[in-house]
file work-v4.pdb (PDB, C-alpha atoms)
ATOM      1  CA  ASP W   1      92.592 118.430 117.516  1.00  0.00           C
ATOM      2  CA  THR W   2      92.426 114.627 117.486  1.00  0.00           C
ATOM      3  CA  GLU W   3      88.667 114.294 117.574  1.00  0.00           C
ATOM      4  CA  VAL W   4      86.497 111.622 116.060  1.00  0.00           C
ATOM      5  CA  THR W   5      82.770 111.971 116.711  1.00  0.00           C
ATOM      6  CA  GLN W   6      80.157 109.233 116.605  1.00  0.00           C
ATOM      7  CA  THR W   7      76.372 109.247 116.716  1.00  0.00           C
ATOM      8  CA  PRO W   8      74.283 108.023 118.317  1.00  0.00           C
ATOM      9  CA  LYS W   9      75.916 107.348 121.704  1.00  0.00           C
ATOM     10  CA  HIS W  10      73.420 104.590 122.472  1.00  0.00           C
ATOM     11  CA  LEU W  11      71.137 102.574 120.221  1.00  0.00           C
ATOM     12  CA  VAL W  12      68.558  99.921 121.005  1.00  0.00           C
ATOM     13  CA  MET W  13      67.125  98.097 118.031  1.00  0.00           C
ATOM     14  CA  GLY W  14      65.030  95.073 117.306  1.00  0.00           C
ATOM     15  CA  MET W  15      66.184  92.246 115.088  1.00  0.00           C
ATOM     16  CA  THR W  16      64.011  93.424 112.202  1.00  0.00           C
ATOM     17  CA  ASN W  17      65.055  97.078 112.326  1.00  0.00           C
ATOM     18  CA  LYS W  18      67.383  98.972 110.015  1.00  0.00           C
ATOM     19  CA  LYS W  19      69.596 101.622 111.582  1.00  0.00           C
ATOM     20  CA  SER W  20      72.833 103.429 110.821  1.00  0.00           C
ATOM     21  CA  LEU W  21      75.831 104.461 112.875  1.00  0.00           C
ATOM     22  CA  LYS W  22      77.698 107.604 111.877  1.00  0.00           C
ATOM     23  CA  CYS W  23      81.282 108.698 112.332  1.00  0.00           C
ATOM     24  CA  GLU W  24      82.990 111.960 111.412  1.00  0.00           C
ATOM     25  CA  GLN W  25      86.528 113.307 111.586  1.00  0.00           C
ATOM     26  CA  HIS W  26      87.934 116.666 110.514  1.00  0.00           C
ATOM     27  CA  MET W  27      91.618 115.917 110.876  1.00  0.00           C
ATOM     28  CA  GLY W  28      92.179 115.342 107.155  1.00  0.00           C
ATOM     29  CA  HIS W  29      92.816 111.674 107.815  1.00  0.00           C
ATOM     30  CA  ARG W  30      92.531 109.401 104.772  1.00  0.00           C
ATOM     31  CA  ALA W  31      91.948 106.100 106.559  1.00  0.00           C
ATOM     32  CA  MET W  32      88.896 105.253 108.645  1.00  0.00           C
ATOM     33  CA  TYR W  33      88.001 102.098 110.530  1.00  0.00           C
ATOM     34  CA  TRP W  34      85.105 100.297 112.196  1.00  0.00           C
ATOM     35  CA  TYR W  35      85.770  98.129 115.257  1.00  0.00           C
ATOM     36  CA  LYS W  36      83.493  96.032 117.439  1.00  0.00           C
ATOM     37  CA  GLN W  37      84.253  95.616 121.138  1.00  0.00           C
ATOM     38  CA  LYS W  38      82.619  93.226 123.567  1.00  0.00           C
ATOM     39  CA  ALA W  39      82.939  93.650 127.327  1.00  0.00           C
ATOM     40  CA  LYS W  40      86.356  92.811 128.777  1.00  0.00           C
ATOM     41  CA  LYS W  41      87.765  92.131 125.288  1.00  0.00           C
ATOM     42  CA  PRO W  42      89.979  94.234 123.022  1.00  0.00           C
ATOM     43  CA  PRO W  43      88.519  95.900 119.914  1.00  0.00           C
ATOM     44  CA  GLU W  44      88.133  93.681 116.847  1.00  0.00           C
ATOM     45  CA  LEU W  45      88.628  95.210 113.415  1.00  0.00           C
ATOM     46  CA  MET W  46      85.636  95.018 111.079  1.00  0.00           C
ATOM     47  CA  PHE W  47      86.391  97.296 108.106  1.00  0.00           C
ATOM     48  CA  VAL W  48      89.096  99.644 106.800  1.00  0.00           C
ATOM     49  CA  TYR W  49      88.552 102.441 104.310  1.00  0.00           C
ATOM     50  CA  SER W  50      91.565 103.990 102.647  1.00  0.00           C
ATOM     51  CA  TYR W  51      91.037 107.065 100.480  1.00  0.00           C
ATOM     52  CA  GLU W  52      87.284 106.391 100.574  1.00  0.00           C
ATOM     53  CA  LYS W  53      87.666 102.855  99.225  1.00  0.00           C
ATOM     54  CA  LEU W  54      87.022  99.704 101.227  1.00  0.00           C
ATOM     55  CA  SER W  55      90.409  98.051 101.651  1.00  0.00           C
ATOM     56  CA  ILE W  56      89.804  95.483 104.391  1.00  0.00           C
ATOM     57  CA  ASN W  57      86.667  93.515 105.311  1.00  0.00           C
ATOM     58  CA  GLU W  58      87.438  91.123 108.118  1.00  0.00           C
ATOM     59  CA  SER W  59      84.822  88.589 106.955  1.00  0.00           C
ATOM     60  CA  VAL W  60      82.056  90.582 108.589  1.00  0.00           C
ATOM     61  CA  PRO W  61      78.482  89.268 108.053  1.00  0.00           C
ATOM     62  CA  SER W  62      76.527  91.100 105.372  1.00  0.00           C
ATOM     63  CA  ARG W  63      74.032  92.396 107.947  1.00  0.00           C
ATOM     64  CA  PHE W  64      76.739  95.034 108.569  1.00  0.00           C
ATOM     65  CA  SER W  65      77.233  97.312 105.568  1.00  0.00           C
ATOM     66  CA  PRO W  66      79.838 100.085 105.642  1.00  0.00           C
ATOM     67  CA  GLU W  67      79.744 103.229 103.559  1.00  0.00           C
ATOM     68  CA  CYS W  68      82.195 106.080 103.126  1.00  0.00           C
ATOM     69  CA  PRO W  69      80.347 109.031 101.522  1.00  0.00           C
ATOM     70  CA  ASN W  70      83.428 111.279 101.645  1.00  0.00           C
ATOM     71  CA  SER W  71      86.812 111.531 103.275  1.00  0.00           C
ATOM     72  CA  SER W  72      85.375 112.843 106.569  1.00  0.00           C
ATOM     73  CA  LEU W  73      82.398 110.546 107.023  1.00  0.00           C
ATOM     74  CA  LEU W  74      81.950 106.861 107.669  1.00  0.00           C
ATOM     75  CA  ASN W  75      78.649 105.067 108.150  1.00  0.00           C
ATOM     76  CA  LEU W  76      77.775 101.569 109.273  1.00  0.00           C
ATOM     77  CA  HIS W  77      74.360 100.367 108.137  1.00  0.00           C
ATOM     78  CA  LEU W  78      72.761  97.705 110.286  1.00  0.00           C
ATOM     79  CA  HIS W  79      70.006  95.308 109.225  1.00  0.00           C
ATOM     80  CA  ALA W  80      68.569  92.133 110.715  1.00  0.00           C
ATOM     81  CA  LEU W  81      71.057  92.031 113.563  1.00  0.00           C
ATOM     82  CA  GLN W  82      71.242  89.298 116.174  1.00  0.00           C
ATOM     83  CA  PRO W  83      71.369  89.746 119.972  1.00  0.00           C
ATOM     84  CA  GLU W  84      75.032  88.626 119.907  1.00  0.00           C
ATOM     85  CA  ASP W  85      75.804  91.731 117.827  1.00  0.00           C
ATOM     86  CA  SER W  86      75.211  93.844 120.932  1.00  0.00           C
ATOM     87  CA  ALA W  87      78.537  95.573 121.602  1.00  0.00           C
ATOM     88  CA  LEU W  88      80.390  98.890 121.574  1.00  0.00           C
ATOM     89  CA  TYR W  89      81.030  99.960 117.979  1.00  0.00           C
ATOM     90  CA  LEU W  90      84.086 102.153 117.638  1.00  0.00           C
ATOM     91  CA  CYS W  91      85.140 104.284 114.711  1.00  0.00           C
ATOM     92  CA  ALA W  92      88.779 105.298 114.294  1.00  0.00           C
ATOM     93  CA  SER W  93      90.827 107.319 111.857  1.00  0.00           C
ATOM     94  CA  SER W  94      94.481 107.712 110.959  1.00  0.00           C
ATOM     95  CA  GLN W  95      96.499 109.833 108.599  1.00  0.00           C
ATOM     96  CA  ALA W  96      96.842 106.871 106.250  1.00  0.00           C
ATOM     97  CA  SER W  97      96.378 103.129 106.506  1.00  0.00           C
ATOM     98  CA  SER W  98     100.094 102.312 106.553  1.00  0.00           C
ATOM     99  CA  GLY W  99     101.382 100.944 109.818  1.00  0.00           C
ATOM    100  CA  ALA W 100     103.312 103.973 110.958  1.00  0.00           C
ATOM    101  CA  TYR W 101     100.311 106.108 111.846  1.00  0.00           C
ATOM    102  CA  GLU W 102      98.463 106.182 115.119  1.00  0.00           C
ATOM    103  CA  GLN W 103      94.743 105.542 115.088  1.00  0.00           C
ATOM    104  CA  TYR W 104      92.397 107.824 117.010  1.00  0.00           C
ATOM    105  CA  PHE W 105      89.139 106.426 118.280  1.00  0.00           C
ATOM    106  CA  GLY W 106      85.721 108.011 118.620  1.00  0.00           C
ATOM    107  CA  PRO W 107      83.660 107.563 121.812  1.00  0.00           C
ATOM    108  CA  GLY W 108      81.688 104.696 120.292  1.00  0.00           C
ATOM    109  CA  THR W 109      78.054 103.717 119.911  1.00  0.00           C
ATOM    110  CA  ARG W 110      76.778 101.275 122.501  1.00  0.00           C
ATOM    111  CA  LEU W 111      74.395  98.992 120.598  1.00  0.00           C
ATOM    112  CA  THR W 112      71.824  96.696 122.155  1.00  0.00           C
ATOM    113  CA  VAL W 113      69.921  94.301 119.918  1.00  0.00           C
ATOM    114  CA  THR W 114      66.690  92.992 121.434  1.00  0.00           C
TER     115      THR W 114
ATOM    116  CA  ARG A   1      99.627  81.387 120.732  1.00  0.00           C
ATOM    117  CA  LYS A   2      98.137  84.907 120.654  1.00  0.00           C
ATOM    118  CA  GLU A   3      99.877  87.406 118.362  1.00  0.00           C
ATOM    119  CA  VAL A   4     100.185  89.934 121.182  1.00  0.00           C
ATOM    120  CA  GLU A   5     100.307  88.716 124.772  1.00  0.00           C
ATOM    121  CA  GLN A   6      99.953  90.737 127.933  1.00  0.00           C
ATOM    122  CA  ASP A   7      99.602  89.871 131.589  1.00  0.00           C
ATOM    123  CA  PRO A   8      95.861  90.413 132.186  1.00  0.00           C
ATOM    124  CA  GLY A   9      96.355  91.528 135.763  1.00  0.00           C
ATOM    125  CA  PRO A  10      94.667  93.058 137.595  1.00  0.00           C
ATOM    126  CA  PHE A  11      97.509  95.037 139.070  1.00  0.00           C
ATOM    127  CA  ASN A  12      96.469  96.635 142.355  1.00  0.00           C
ATOM    128  CA  VAL A  13      99.008  99.223 143.484  1.00  0.00           C
ATOM    129  CA  PRO A  14      99.077 102.080 146.013  1.00  0.00           C
ATOM    130  CA  GLU A  15      99.359 105.676 144.907  1.00  0.00           C
ATOM    131  CA  GLY A  16     102.936 106.651 144.244  1.00  0.00           C
ATOM    132  CA  ALA A  17     104.021 103.149 143.256  1.00  0.00           C
ATOM    133  CA  THR A  18     105.954 102.307 140.126  1.00  0.00           C
ATOM    134  CA  VAL A  19     104.299  99.701 137.946  1.00  0.00           C
ATOM    135  CA  ALA A  20     105.565  97.945 134.823  1.00  0.00           C
ATOM    136  CA  PHE A  21     103.558  96.255 132.107  1.00  0.00           C
ATOM    137  CA  ASN A  22     105.077  93.773 129.699  1.00  0.00           C
ATOM    138  CA  CYS A  23     103.956  92.649 126.293  1.00  0.00           C
ATOM    139  CA  THR A  24     105.320  90.182 123.751  1.00  0.00           C
ATOM    140  CA  TYR A  25     104.461  89.890 120.076  1.00  0.00           C
ATOM    141  CA  SER A  26     104.921  86.935 117.765  1.00  0.00           C
ATOM    142  CA  ASN A  27     105.319  88.481 114.307  1.00  0.00           C
ATOM    143  CA  SER A  28     108.884  89.617 113.746  1.00  0.00           C
ATOM    144  CA  ALA A  29     107.687  91.686 110.762  1.00  0.00           C
ATOM    145  CA  SER A  30     105.720  93.999 113.075  1.00  0.00           C
ATOM    146  CA  GLN A  31     106.549  97.598 112.340  1.00  0.00           C
ATOM    147  CA  SER A  32     104.766  99.922 114.728  1.00  0.00           C
ATOM    148  CA  PHE A  33     103.984  99.652 118.403  1.00  0.00           C
ATOM    149  CA  PHE A  34     101.657 101.573 120.670  1.00  0.00           C
ATOM    150  CA  TRP A  35     100.230 101.712 124.166  1.00  0.00           C
ATOM    151  CA  TYR A  36      96.588 102.728 124.505  1.00  0.00           C
ATOM    152  CA  ARG A  37      94.644 103.189 127.724  1.00  0.00           C
ATOM    153  CA  GLN A  38      90.959 102.450 128.011  1.00  0.00           C
ATOM    154  CA  ASP A  39      88.761 103.599 130.857  1.00  0.00           C
ATOM    155  CA  CYS A  40      85.669 101.591 131.740  1.00  0.00           C
ATOM    156  CA  ARG A  41      82.974 101.990 129.057  1.00  0.00           C
ATOM    157  CA  LYS A  42      85.078 104.513 127.115  1.00  0.00           C
ATOM    158  CA  GLU A  43      87.067 104.376 123.908  1.00  0.00           C
ATOM    159  CA  PRO A  44      90.776 103.462 123.740  1.00  0.00           C
ATOM    160  CA  LYS A  45      92.970 106.554 123.881  1.00  0.00           C
ATOM    161  CA  LEU A  46      96.487 106.637 122.507  1.00  0.00           C
ATOM    162  CA  LEU A  47      98.943 106.867 125.388  1.00  0.00           C
ATOM    163  CA  MET A  48     102.154 106.731 123.394  1.00  0.00           C
ATOM    164  CA  SER A  49     103.853 105.258 120.378  1.00  0.00           C
ATOM    165  CA  VAL A  50     106.858 103.075 121.154  1.00  0.00           C
ATOM    166  CA  TYR A  51     110.142 103.627 119.379  1.00  0.00           C
ATOM    167  CA  SER A  52     113.241 101.442 119.158  1.00  0.00           C
ATOM    168  CA  SER A  53     115.255 103.996 121.097  1.00  0.00           C
ATOM    169  CA  GLY A  54     112.696 104.042 123.914  1.00  0.00           C
ATOM    170  CA  ASN A  55     110.634 107.091 124.727  1.00  0.00           C
ATOM    171  CA  GLU A  56     109.392 108.937 127.757  1.00  0.00           C
ATOM    172  CA  ASP A  57     106.409 111.191 128.330  1.00  0.00           C
ATOM    173  CA  GLY A  58     106.300 112.561 131.841  1.00  0.00           C
ATOM    174  CA  ARG A  59     105.752 109.651 134.242  1.00  0.00           C
ATOM    175  CA  PHE A  60     105.446 107.144 131.409  1.00  0.00           C
ATOM    176  CA  THR A  61     108.351 105.328 129.746  1.00  0.00           C
ATOM    177  CA  ALA A  62     107.992 102.861 126.876  1.00  0.00           C
ATOM    178  CA  GLN A  63     110.665 100.481 125.675  1.00  0.00           C
ATOM    179  CA  LEU A  64     110.896  98.216 122.641  1.00  0.00           C
ATOM    180  CA  ASN A  65     113.240  95.260 122.231  1.00  0.00           C
ATOM    181  CA  ARG A  66     112.917  94.008 118.661  1.00  0.00           C
ATOM    182  CA  ALA A  67     115.341  91.117 119.175  1.00  0.00           C
ATOM    183  CA  SER A  68     113.210  89.722 122.012  1.00  0.00           C
ATOM    184  CA  GLN A  69     109.932  90.956 120.481  1.00  0.00           C
ATOM    185  CA  TYR A  70     109.089  92.588 123.758  1.00  0.00           C
ATOM    186  CA  ILE A  71     107.462  95.919 124.649  1.00  0.00           C
ATOM    187  CA  SER A  72     107.165  97.474 128.077  1.00  0.00           C
ATOM    188  CA  LEU A  73     105.436 100.402 129.749  1.00  0.00           C
ATOM    189  CA  LEU A  74     106.640 101.849 133.036  1.00  0.00           C
ATOM    190  CA  ILE A  75     104.445 104.182 135.069  1.00  0.00           C
ATOM    191  CA  ARG A  76     106.190 106.074 137.857  1.00  0.00           C
ATOM    192  CA  ASP A  77     104.505 107.797 140.806  1.00  0.00           C
ATOM    193  CA  SER A  78     101.145 106.306 139.887  1.00  0.00           C
ATOM    194  CA  LYS A  79      97.987 108.370 140.424  1.00  0.00           C
ATOM    195  CA  LEU A  80      94.412 107.355 141.102  1.00  0.00           C
ATOM    196  CA  SER A  81      93.598 108.640 137.613  1.00  0.00           C
ATOM    197  CA  ASP A  82      95.970 106.075 136.070  1.00  0.00           C
ATOM    198  CA  SER A  83      93.434 103.340 136.900  1.00  0.00           C
ATOM    199  CA  ALA A  84      92.421 101.911 133.522  1.00  0.00           C
ATOM    200  CA  THR A  85      93.075  99.013 131.177  1.00  0.00           C
ATOM    201  CA  TYR A  86      96.332  99.340 129.232  1.00  0.00           C
ATOM    202  CA  LEU A  87      96.359  97.858 125.747  1.00  0.00           C
ATOM    203  CA  CYS A  88      99.544  96.823 123.980  1.00  0.00           C
ATOM    204  CA  VAL A  89      99.014  97.288 120.232  1.00  0.00           C
ATOM    205  CA  VAL A  90     101.115  96.182 117.272  1.00  0.00           C
ATOM    206  CA  ASN A  91     100.823  97.013 113.588  1.00  0.00           C
ATOM    207  CA  HIS A  92     102.205  94.636 110.941  1.00  0.00           C
ATOM    208  CA  ASN A  93     101.688  97.298 108.288  1.00  0.00           C
ATOM    209  CA  GLN A  94      98.974  95.258 106.632  1.00  0.00           C
ATOM    210  CA  GLY A  95      96.640  97.991 105.550  1.00  0.00           C
ATOM    211  CA  GLY A  96      96.217  99.554 108.963  1.00  0.00           C
ATOM    212  CA  LYS A  97      95.173  96.451 110.859  1.00  0.00           C
ATOM    213  CA  LEU A  98      96.048  96.825 114.543  1.00  0.00           C
ATOM    214  CA  ILE A  99      96.656  93.735 116.643  1.00  0.00           C
ATOM    215  CA  PHE A 100      95.563  94.283 120.254  1.00  0.00           C
ATOM    216  CA  GLY A 101      96.711  92.478 123.331  1.00  0.00           C
ATOM    217  CA  GLN A 102      94.013  91.449 125.780  1.00  0.00           C
ATOM    218  CA  GLY A 103      94.799  94.424 128.004  1.00  0.00           C
ATOM    219  CA  THR A 104      96.212  94.752 131.508  1.00  0.00           C
ATOM    220  CA  GLU A 105      93.916  96.181 134.157  1.00  0.00           C
ATOM    221  CA  LEU A 106      95.477  98.628 136.603  1.00  0.00           C
ATOM    222  CA  SER A 107      93.827  99.767 139.809  1.00  0.00           C
ATOM    223  CA  VAL A 108      95.609 102.477 141.816  1.00  0.00           C
ATOM    224  CA  LYS A 109      94.380 102.709 145.394  1.00  0.00           C
ATOM    225  CA  PRO A 110      94.719 105.607 147.873  1.00  0.00           C
TER     226      PRO A 110
END
call {"tool": "encode", "arguments": {"input": "work-v4.pdb", "output": "structure tokens"}}
result
Amino acid sequence: DTEVTQTPKHLVMGMTNKKSLKCEQHMGHRAMYWYKQKAKKPPELMFVYSYEKLSINESVPSRFSPECPNSSLLNLHLHALQPEDSALYLCASSQASSGAYEQYFGPGTRLTVT
Amino acid sequence: RKEVEQDPGPFNVPEGATVAFNCTYSNSASQSFFWYRQDCRKEPKLLMSVYSSGNEDGRFTAQLNRASQYISLLIRDSKLSDSATYLCVVNHNQGGKLIFGQGTELSVKP
């Protein structure tokens, strides 16, 4: 089963709110990822966790704060976002973070910042 | 120059047609190659990995030419359900970072 789940499916938040996106996988994968995708564009990598440690931060603003509580869970904490942060946020996982492994994506959270 | 380049399309083809997508990548150190498909407002789904020897999965055939740094995807006997955006994806083996092409939109018409 190559399933990655994400909650919530949709989120509308104001610029002063704090919210969190959640991602879960039960495939025993040891690498998990956050991507941001704007309309008609490919996904852009934000963060990579490998064995529960942050291994890549693609210079993402500090208003996005990732957390990996355990090997199955990945959170993205959001605070003081801007309207331009509205996008589809995708979580992915792979067996490991080396290049040979395919990444499997969750259905995403569609975020609107008002 | 983009690291991974694809023809953006759109490709509009009739059902039953054969359609080919091409992709080039700039980093000769790239190690892994994939095709993903993405339906409108959905997540990317892995279609197939691409191997040096070429690989086939039903109506889909992927080829890799490392010397030319070129990847292709051939879809035979296209179906209405093949309508989607096809993403060419390359991995340099830098900690799991995938490099995506801009995607090629395919529309299969009855």
call {"tool": "interface_residues", "arguments": {"input": "work-v4.pdb", "of": "chain W", "to": "chain A", "cutoff": "7 Å", "atoms": "all atoms listed in the file", "output": "list of chain:residue names"}}
result
W:Lys41, W:Pro42, W:Ser97, W:Ser98, W:Gly99, W:Ala100, W:Tyr104, W:Phe105, W:Gly106, W:Pro107, W:Gly108
call {"tool": "closest_residue", "arguments": {"input": "work-v4.pdb", "among": "A:Thr61, A:Ser28, A:Ser68, A:Thr104", "to": "Glu3 in chain A", "atoms": "all atoms listed in the file"}}
result
A:Ser28
call {"tool": "residues_near_point", "arguments": {"input": "work-v4.pdb", "point": "(92.1, 105.3, 106.6)", "cutoff": "7 Å", "atoms": "only C-alpha atoms", "output": "PyMOL selection string"}}
result
chain W and resi 29-33+48-51+93-97
call {"tool": "resolve_selection", "arguments": {"input": "work-v4.pdb", "expression": "the PyMOL selection byres ((chain A and resi 73) around 6)", "output": "list in words"}}
result
Ala20, Phe21, Thr61, Ala62, Ser72 and Leu74 of chain A
call {"tool": "resolve_selection", "arguments": {"input": "work-v4.pdb", "expression": "the PyMOL selection byres ((chain W and resi 10) around 8)", "output": "PyMOL selection string"}}
result
chain W and resi 7-9+11-12+109-111
call {"tool": "atom_distance", "arguments": {"input": "work-v4.pdb", "atom1": "CA of Pro43 in chain W", "atom2": "CA of Glu56 in chain A"}}
result
25.8 Å
call {"tool": "residues_around", "arguments": {"input": "work-v4.pdb", "residues": "Tyr25 in chain A", "least_positions_apart": "2", "cutoff": "7 Å", "atoms": "only C-alpha atoms", "output": "short mmCIF file (atom, residue, chain, number, x, y, z; two decimals) with C-alpha atoms, in the coordinates of the input"}}
result
data_model
loop_
_atom_site.label_atom_id
_atom_site.label_comp_id
_atom_site.auth_asym_id
_atom_site.auth_seq_id
_atom_site.Cartn_x
_atom_site.Cartn_y
_atom_site.Cartn_z
CA GLU A 3 99.88 87.41 118.36
CA VAL A 4 100.18 89.93 121.18
CA GLU A 5 100.31 88.72 124.77
CA CYS A 23 103.96 92.65 126.29
CA ASN A 27 105.32 88.48 114.31
CA GLN A 69 109.93 90.96 120.48
CA TYR A 70 109.09 92.59 123.76
#
